[in-house]
Amino acid sequence: MPSQMLMLLALPLTLSLAGLEWWHFRRDNKYNFTDSMVSILMGGSYVLLAEGFMVLAVVVPVFEWVYSFRLTTLPITPWSLLLLFVLVDFCFYIFHLSAHRIRLFWAVHEVHHASEYFNFTVAFRQSLLYAVAGVYAFFLPALLLGFPPEWVLTLLAANMTMQIFVHTQWVGQLPAPIEWLFNTPSNHRVHHGRNPRYIDRNMGGVLMVWDHIFGTYAAEDPAEPPEYGVVRQIHSSNLVTLTFHELVAICRDVARPGPLGQRLKHLWGPPEWQRDGAVSSDAGAAQVSIDARRAS
C-alpha cells in the first residue's frame, strides 16, 4: 500500500538526518548509542510488523468493512485531500490526547515517551501493539464520511512521516506564527518533557490549532528546558520490557482485590489514577497528580 511505502521510504532519510544530527552534537550528550539502537530496532519492527503485517491483516479489513457503511462517496481531488489531511490531523489529536489520558492507550503510547533523550532516532520508537490496541478506530469517521480506506491510511502515514522531523534539538524556536500554527521541534520538545508544566501538552500531529482550541498548548520556556522521558523513568533497554511493562502493571492493578468497577477503572482511567489508599505499582500510574499535570 502507498502508506507502507511512504513509511519505508522515510526510514533511510531519517537515519541520514540522525547521522548528521549526531555529528553536530557529537561532543554533547544529545545521543546515547544504546538508546538510539533500541529506538531504531523498535522502529524497524514497527514498520515491518505493525505497519506491514498487522495493518494489512487487521486494520485494512476493518476499514473496508466500515467504509461499506459510508454516508456518501467523496471523489479524490486536491481540495478533498486537503480536507482529509485536516480531518486526519484532528482525529490524530483526539487519539493523541486519549493516549495520554486513558491508561490502556497510554500503555501502548508510553513506549514512544520512554527515551530519556530527544533526537531523530526517538521518532522510530513506536509500539508493535498500535495496530491491535484500537487506536485506528479514531480515524473511522473519515471512512464514514466517504474517504476511501487507502487514502485515509496514506494521509495518516504522511502525517506520521512529517512528525519525524520535529524530533530534534538541532532547531530552535521558529517565528511566532509558525510556532502557533504548526508542530515544530520546539513545540514537540515540550510534548516530550516530563516537567509538570509540559506534561500532556502539544498533542497536535502537524497542526497546533487543535491545542489552541482545546487549551492543551504550551510554549517552550528557555528558562525551563524540557527533561525528557516519563515521570518515573523506566531505565531499560529491553524491548520486551519497554513494550509490555505497563500492560503488565495494569493487569496487576486490575487483579488487586476490590469492587469490579474500581478495578476496571485502571483500564480507562488516567495513567496517574489510583484507588483510594492504594500504592502505585507501575510507571504510568506514578504520574504526578492531575493538578500538577495541568499546571502551566
# chains A, B, ... in the order shown; residues from 1 in each chain; ligands from 1
>>> residues_around(residues="Leu267 of chain A", least_positions_apart="6", cutoff="10 Å", atoms="only C-alpha atoms", output="ChimeraX atom specification")
/A:102-107,247,250-251,253-254
>>> closest_atom_pairs(of="segment 13-74 of chain A", to="segment 227-242 of chain A", cutoff="8 Å", atoms="only C-alpha atoms", output="CSV")
residue,atom,partner,partner_atom,distance
A:Thr34,CA,A:Ser237,CA,7.3
A:Asp35,CA,A:Ser237,CA,7.0
A:Val38,CA,A:Ser237,CA,6.4
A:Met42,CA,A:Leu239,CA,7.3
>>> closest_atom_pairs(of="segment 26-124 of chain A", to="segment 130-140 of chain A", cutoff="9 Å", atoms="only C-alpha atoms", output="tab-separated table")
residue	atom	partner	partner_atom	distance
A:Tyr46	CA	A:Tyr130	CA	8.8
A:Ala50	CA	A:Ala131	CA	5.9
A:Glu51	CA	A:Ala131	CA	7.5
A:Met54	CA	A:Ala131	CA	5.9
A:Val55	CA	A:Ala131	CA	5.9
A:Val58	CA	A:Ala131	CA	7.2
A:Val59	CA	A:Ala131	CA	6.7
A:Phe63	CA	A:Leu140	CA	7.2
A:Val66	CA	A:Leu140	CA	7.3
A:Tyr67	CA	A:Leu140	CA	8.3
A:Leu87	CA	A:Phe139	CA	8.7
A:Val88	CA	A:Phe139	CA	6.8
A:Cys91	CA	A:Phe139	CA	5.8
A:Phe92	CA	A:Phe138	CA	7.4
A:Ile94	CA	A:Phe138	CA	7.3
A:Phe95	CA	A:Phe138	CA	6.0
A:Ala99	CA	A:Val135	CA	8.5
A:Leu104	CA	A:Ala133	CA	8.4
A:Phe105	CA	A:Ala133	CA	7.3
A:Val108	CA	A:Tyr130	CA	6.7
A:His109	CA	A:Tyr130	CA	8.1
>>> select_by_dssp(residues="segment 56-226 of chain A", states="alpha helix (DSSP H)", output="ChimeraX atom specification")
/A:60-67,78-101,103-113,140-144,149-164,176-181,185-192,209-214
>>> closest_residue(among="A:Leu97, A:Ala255, A:Glu110, A:Ala157", to="Asn202 of chain A", atoms="only C-alpha atoms")
A:Leu97
>>> closest_residue(among="A:Gly193, A:Pro149, A:Pro177, A:Pro78", to="Glu116 of chain A", atoms="only C-alpha atoms")
A:Gly193
>>> closest_residue(among="A:His191, A:Ser186, A:Tyr93, A:Arg101", to="Val209 of chain A", atoms="only C-alpha atoms")
A:Tyr93
>>> closest_residue(among="A:Met160, A:Gly52, A:Trp170, A:Pro225", to="Trp23 of chain A", atoms="only C-alpha atoms")
A:Trp170
>>> residues_around(residues="Arg125 of chain A", least_positions_apart="5", cutoff="9 Å", atoms="only C-alpha atoms", output="PyMOL selection string")
chain A and resi 36+38-44+46+111-115
>>> atom_distance(atom1="atom CA of Val122 of chain A", atom2="atom CA of His167 of chain A")
6.8 Å
>>> closest_residue(among="A:Thr73, A:Thr161, A:Thr243, A:Gln169", to="Val206 of chain A", atoms="only C-alpha atoms")
A:Thr161
>>> select_by_dssp(residues="segment 74-271 of chain A", states="strand (DSSP E or B)", output="MDAnalysis selection string")
chainID A and resid 182 193 207 228
>>> write_last_selection(atoms="C-alpha atoms", output="PDB file, in the first residue's frame")
ATOM      1  CA  PHE A 182       2.433  24.075  13.225  1.00  0.00           C
ATOM      2  CA  GLY A 193       9.118  16.959  28.502  1.00  0.00           C
ATOM      3  CA  LEU A 207      -1.110  21.442  13.282  1.00  0.00           C
ATOM      4  CA  TYR A 228      12.842  14.040  28.599  1.00  0.00           C
TER       5      TYR A 228
END
>>> residues_around(residues="Pro222 of chain A", least_positions_apart="4", cutoff="12 Å", atoms="only C-alpha atoms", output="list in words")
Gly172, Gln173, Ser186, Arg189, Val190 and Pro226 of chain A
>>> atom_distance(atom1="atom CA of Asn183 of chain A", atom2="atom CA of Ala158 of chain A")
14.1 Å
>>> closest_residue(among="A:Leu71, A:Ala219, A:Val171, A:Leu128", to="Leu143 of chain A", atoms="only C-alpha atoms")
A:Leu71
